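Engineer: The structure file model.txt (compact mmCIF, C-alpha atoms) is provided below.
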# COMPACT_ATOMS: atom_id res chain seq x y z
CA MET A 12 5.87 -23.99 4.70
CA SER A 13 3.38 -21.23 3.89
CA ALA A 14 0.09 -21.04 5.77
CA VAL A 15 -3.21 -19.78 4.30
CA PHE A 16 -5.94 -18.38 6.55
CA ASP A 17 -9.56 -17.85 5.48
CA CYS A 18 -10.46 -14.47 6.97
CA SER A 19 -14.18 -14.99 6.35
CA ASP A 20 -14.13 -17.31 9.37
CA PRO A 21 -13.77 -15.26 12.59
CA ASP A 22 -11.58 -17.82 14.39
CA GLU A 23 -9.36 -18.37 11.38
CA ARG A 24 -9.10 -14.63 10.81
CA GLU A 25 -7.94 -14.11 14.40
CA ALA A 26 -5.37 -16.89 14.03
CA GLY A 27 -4.26 -15.50 10.66
CA ILE A 28 -3.73 -11.99 12.03
CA ARG A 29 -1.66 -13.44 14.90
CA ALA A 30 0.41 -15.50 12.48
CA ALA A 31 0.90 -12.55 10.12
CA VAL A 32 1.98 -10.23 12.94
CA GLY A 33 4.47 -12.83 14.16
CA ALA A 34 5.83 -13.37 10.66
CA VAL A 35 6.28 -9.66 9.97
CA ARG A 36 7.99 -9.07 13.32
CA ALA A 37 10.33 -11.96 12.50
CA GLY A 38 11.32 -10.30 9.23
CA ARG A 39 9.28 -12.53 6.92
CA LEU A 40 6.85 -11.70 4.10
CA ILE A 41 3.06 -11.95 4.19
CA VAL A 42 0.27 -11.51 1.64
CA MET A 43 -2.72 -9.45 2.72
CA PRO A 44 -6.01 -8.37 1.13
CA THR A 45 -6.63 -4.71 0.38
CA ASP A 46 -9.47 -2.83 -1.27
CA THR A 47 -7.56 -2.62 -4.58
CA VAL A 48 -5.42 -5.72 -5.18
CA TYR A 49 -3.65 -8.19 -2.87
CA GLY A 50 -0.47 -6.86 -1.29
CA LEU A 51 2.90 -8.42 -0.50
CA GLY A 52 4.07 -6.87 2.75
CA CYS A 53 6.68 -6.63 5.47
CA ASP A 54 7.80 -4.28 8.24
CA ALA A 55 8.63 -0.94 6.59
CA PHE A 56 11.53 -0.42 9.02
CA ASP A 57 13.16 -3.82 8.37
CA SER A 58 15.55 -3.17 5.48
CA GLU A 59 16.42 -6.86 5.05
CA ALA A 60 12.73 -7.76 4.79
CA VAL A 61 12.19 -4.98 2.22
CA ALA A 62 15.12 -6.37 0.20
CA SER A 63 13.49 -9.81 0.37
CA LEU A 64 10.22 -8.30 -0.85
CA LEU A 65 11.90 -6.72 -3.86
CA ALA A 66 13.71 -9.98 -4.61
CA ALA A 67 10.47 -11.99 -4.36
CA LYS A 68 8.87 -9.72 -6.93
CA GLY A 69 11.95 -9.65 -9.15
CA ARG A 70 12.23 -5.87 -8.83
CA GLY A 71 15.23 -3.63 -8.33
CA ARG A 72 15.81 -0.77 -5.92
CA ASP A 73 14.86 1.64 -8.71
CA MET A 74 11.21 0.69 -8.01
CA PRO A 75 10.89 1.47 -4.27
CA VAL A 76 8.18 -0.09 -2.14
CA PRO A 77 5.09 1.93 -1.10
CA VAL A 78 3.97 2.15 2.53
CA LEU A 79 0.52 1.35 3.90
CA VAL A 80 -0.69 2.89 7.15
CA GLY A 81 -3.58 2.05 9.46
CA SER A 82 -4.64 5.57 10.46
CA TRP A 83 -4.61 9.16 9.23
CA HIS A 84 -2.41 10.29 12.12
CA THR A 85 0.44 7.93 11.23
CA VAL A 86 1.27 10.12 8.23
CA ASP A 87 2.42 13.01 10.43
CA GLY A 88 5.41 11.00 11.65
CA LEU A 89 6.42 9.80 8.19
CA VAL A 90 6.52 12.94 6.08
CA ARG A 91 8.56 16.14 6.17
CA SER A 92 5.37 18.19 6.32
CA VAL A 93 1.73 17.57 5.45
CA SER A 94 0.62 20.18 2.92
CA PRO A 95 -2.93 21.54 2.80
CA GLN A 96 -3.45 19.64 -0.47
CA ALA A 97 -2.34 16.40 1.17
CA ARG A 98 -4.74 17.01 4.07
CA GLU A 99 -7.62 17.63 1.66
CA LEU A 100 -6.93 14.45 -0.30
CA VAL A 101 -6.51 12.34 2.85
CA GLN A 102 -9.80 13.63 4.27
CA ALA A 103 -11.61 13.03 0.97
CA PHE A 104 -10.28 9.62 -0.07
CA TRP A 105 -8.72 7.78 2.90
CA PRO A 106 -9.16 5.02 3.61
CA GLY A 107 -9.40 4.15 -0.07
CA GLY A 108 -7.71 3.81 -3.42
CA LEU A 109 -5.50 6.91 -3.40
CA SER A 110 -1.71 6.80 -2.95
CA LEU A 111 0.21 10.00 -2.22
CA VAL A 112 3.86 10.57 -3.08
CA VAL A 113 5.27 13.01 -0.52
CA GLU A 114 8.64 14.04 0.88
CA GLN A 115 9.53 11.66 3.70
CA ALA A 116 10.74 12.79 7.11
CA PRO A 117 14.57 12.95 6.94
CA SER A 118 14.92 11.21 10.33
CA LEU A 119 13.26 7.96 9.23
CA ALA A 120 15.50 4.90 9.60
CA TRP A 121 14.16 2.83 6.73
CA ASP A 122 15.32 1.72 3.28
CA LEU A 123 12.49 1.22 0.81
CA GLY A 124 14.71 1.41 -2.27
CA ASP A 125 15.97 4.37 -4.26
CA THR A 126 13.30 6.84 -3.15
CA SER A 127 15.18 10.14 -3.66
CA GLY A 128 13.76 11.34 -0.36
CA SER A 129 10.12 10.63 -1.17
CA VAL A 130 7.66 7.95 -0.08
CA MET A 131 4.34 6.72 -1.46
CA ILE A 132 1.72 6.29 1.27
CA ARG A 133 -1.82 4.91 1.32
CA MET A 134 -4.44 3.89 3.87
CA PRO A 135 -6.44 0.94 2.46
CA LEU A 136 -10.17 0.46 2.91
CA HIS A 137 -10.14 -3.16 4.08
CA PRO A 138 -10.85 -4.37 7.62
CA VAL A 139 -8.20 -7.12 7.61
CA ALA A 140 -5.54 -4.76 6.29
CA ILE A 141 -6.45 -2.06 8.80
CA GLU A 142 -6.39 -4.52 11.72
CA LEU A 143 -2.97 -5.77 10.66
CA LEU A 144 -1.55 -2.29 10.12
CA ARG A 145 -2.78 -1.02 13.47
CA GLU A 146 -1.11 -3.98 15.16
CA ILE A 147 2.20 -3.74 13.29
CA GLY A 148 2.49 -0.11 12.26
CA PRO A 149 3.56 1.12 8.81
CA MET A 150 4.20 -1.70 6.37
CA ALA A 151 6.09 -1.78 3.10
CA VAL A 152 3.51 -3.25 0.71
CA SER A 153 3.61 -3.83 -3.03
CA SER A 154 1.20 -5.71 -5.28
CA ALA A 155 1.37 -9.46 -4.62
CA ASN A 156 2.74 -10.60 -7.95
CA ILE A 157 5.97 -11.20 -9.83
CA SER A 158 7.01 -8.01 -11.62
CA GLY A 159 5.51 -7.95 -15.10
CA HIS A 160 2.73 -10.40 -14.22
CA PRO A 161 -0.92 -9.43 -13.51
CA PRO A 162 -1.60 -8.25 -9.93
CA ALA A 163 -3.36 -10.81 -7.75
CA VAL A 164 -7.03 -10.05 -7.08
CA GLN A 165 -7.57 -13.36 -5.26
CA VAL A 166 -5.23 -15.02 -2.80
CA HIS A 167 -4.65 -18.14 -4.91
CA GLN A 168 -3.27 -15.95 -7.70
CA ALA A 169 -0.72 -14.51 -5.29
CA ARG A 170 0.20 -17.96 -4.01
CA GLU A 171 0.68 -19.34 -7.52
CA GLN A 172 3.25 -16.62 -8.21
CA LEU A 173 5.01 -16.18 -4.87
CA GLN A 174 4.67 -19.68 -3.38
CA GLU A 175 7.00 -20.37 -0.42
CA LYS A 176 8.62 -16.93 -0.55
CA VAL A 177 5.69 -15.85 1.64
CA SER A 178 5.12 -17.17 5.16
CA VAL A 179 1.46 -16.24 5.67
CA TYR A 180 -1.36 -15.70 3.18
CA LEU A 181 -4.48 -13.93 4.46
CA ASP A 182 -7.46 -14.77 2.25
CA GLY A 183 -9.96 -11.91 2.27
CA GLY A 184 -11.90 -13.09 -0.78
CA PRO A 185 -11.87 -11.38 -4.17
CA ALA A 186 -10.54 -7.81 -4.17
CA ASP A 187 -13.40 -5.31 -4.05
CA HIS A 188 -12.22 -3.12 -6.92
CA ALA A 189 -9.53 -5.25 -8.58
CA VAL A 190 -7.85 -2.10 -9.86
CA ALA A 191 -4.68 -0.43 -8.62
CA SER A 192 -4.76 2.80 -6.60
CA THR A 193 -4.48 6.22 -8.20
CA ILE A 194 -1.09 7.82 -7.49
CA VAL A 195 -0.78 11.57 -6.94
CA ASP A 196 2.67 13.16 -6.68
CA LEU A 197 2.73 16.06 -4.22
CA THR A 198 6.50 16.59 -4.15
CA GLY A 199 6.54 19.27 -6.87
CA PRO A 200 5.06 22.76 -7.08
CA ASP A 201 1.78 21.38 -8.49
CA PRO A 202 0.02 18.06 -7.85
CA ARG A 203 0.40 15.53 -10.66
CA ILE A 204 -1.25 12.17 -11.31
CA LEU A 205 1.35 9.48 -11.96
CA ARG A 206 -1.20 6.68 -12.41
CA GLU A 207 -4.97 6.91 -12.72
CA GLY A 208 -6.72 3.97 -11.11
CA ALA A 209 -9.39 3.54 -8.44
CA ILE A 210 -9.98 7.30 -7.98
CA THR A 211 -10.65 9.39 -11.09
CA ALA A 212 -8.74 12.52 -12.01
CA GLU A 213 -12.03 14.40 -12.04
CA ASP A 214 -12.77 13.46 -8.42
CA ILE A 215 -9.30 14.57 -7.33
CA ALA A 216 -9.56 17.79 -9.34
CA GLU A 217 -12.85 18.63 -7.64
CA VAL A 218 -11.31 18.29 -4.17
CA LEU A 219 -8.23 20.35 -5.07
CA ASP A 220 -10.20 22.87 -7.18
CA VAL A 221 -7.93 22.39 -10.19
CA ASP A 222 -8.37 21.18 -13.77
CA ALA A 223 -8.28 17.40 -14.31
CA ASP A 224 -6.14 17.70 -17.45
CA GLU A 225 -3.59 19.74 -15.52
CA LEU A 226 -3.38 16.92 -12.99
CA ARG A 227 -2.71 14.54 -15.88
CA GLY A 228 0.06 16.82 -17.15
CA ARG A 229 -1.83 17.89 -20.23
CA PRO A 230 -1.79 21.52 -21.44
Since I need it in another form, could you write the structure as structure tokens?
Structural biologist:
Amino acid sequence: MSAVFDCSDPDEREAGIRAAVGAVRAGRLIVMPTDTVYGLGCDAFDSEAVASLLAAKGRGRDMPVPVLVGSWHTVDGLVRSVSPQARELVQAFWPGGLSLVVEQAPSLAWDLGDTSGSVMIRMPLHPVAIELLREIGPMAVSSANISGHPPAVQVHQAREQLQEKVSVYLDGGPADHAVASTIVDLTGPDPRILREGAITAEDIAEVLDVDADELRGRP
């Protein structure tokens, strides 16, 4: 049976983090708060758990799972190389609502779906998420909803959709921004915004010293 922990209570938060860590290490799914929307997560290096995550959402391997990290330095071990543009964006917007699509390190023993050698990485700005990620390490995390349904911005919305498919629900209150992260693809010759969300194209363009419309793929 699923357990829900109110992370506004210090004792319950501590118990919830312990339960979530145990569940993830046992290959089960958890729901966690982030600064954008609630996330459905598991150990990024547990391929069976990632398959369970995709099944719980009703998604196929053609929509691979992003990875959340708990520190800037974790990225160095996950990507083929960290470009100057990636460094600039990480320094400007992490932790926060910016996801980066980069070429993954070829030695990584994980299966996040059909990634074509890339991975989407983000460091969330939420204390519960950061504590969990620093305890577990990189986690495969997607929005906590059934594919095609609205993302959960409160824990009860995630529970209504995912129910007993999830072992532990961490309730961090309403999501701060209730909007998905902005996704920037850095795998090509020029950076490109795949989805504009919590961080504006103009803010990204200012950091990279490029034109916002070029980031959006407009002439």
Engineer: Excluding same-chain residues fewer than 5 positions from A:Leu119, what lies within 10 Å of it counting only C-alpha atoms, as a PDB file with C-alpha atoms, in the coordinates of the input?
Structural biologist:
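Saved result, result.pdb, follows:
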ATOM      1  CA  PHE A  56      11.530  -0.420   9.020  1.00  0.00           C
ATOM      2  CA  GLY A  88       5.410  11.000  11.650  1.00  0.00           C
ATOM      3  CA  LEU A  89       6.420   9.800   8.190  1.00  0.00           C
ATOM      4  CA  VAL A  90       6.520  12.940   6.080  1.00  0.00           C
ATOM      5  CA  ARG A  91       8.560  16.140   6.170  1.00  0.00           C
TER       6      ARG A  91
END
Engineer: Mind giving me the straight-line distance from atom CA of A:Arg24 to atom CA of A:Val48 in Å, one decimal?
Structural biologist: 18.7 Å
Engineer: Which residue out of A:Pro117, A:Gly81, A:Gly50, A:Pro95 has the minimum interatomic distance to A:Val218 when all atoms listed in the file are used?
Structural biologist: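 Ranked by minimum distance to A:Val218, first place goes to A:Pro95.
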Engineer: With distances taken over only C-alpha atoms, which of A:Leu109, A:Leu181, A:Ile28, A:Ala37 is nearest to A:Ala212?
Structural biologist: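 The closest residue to A:Ala212 is A:Leu109.
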Engineer: Measuring between only C-alpha atoms, which one of A:Asp22, A:Asp187, A:Glu175, A:Asp214 shows the shortest distance to A:Thr47?
Structural biologist: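 Of A:Asp22, A:Asp187, A:Glu175, A:Asp214, the one nearest A:Thr47, counting only C-alpha atoms, is A:Asp187.
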Engineer: What's the 12 Å shell around A:Ala116, counting only C-alpha atoms, without same-chain residues fewer than 2 positions away, as number ranges by chain?
Structural biologist: A: 86-93, 113-114, 118-121, 127-130
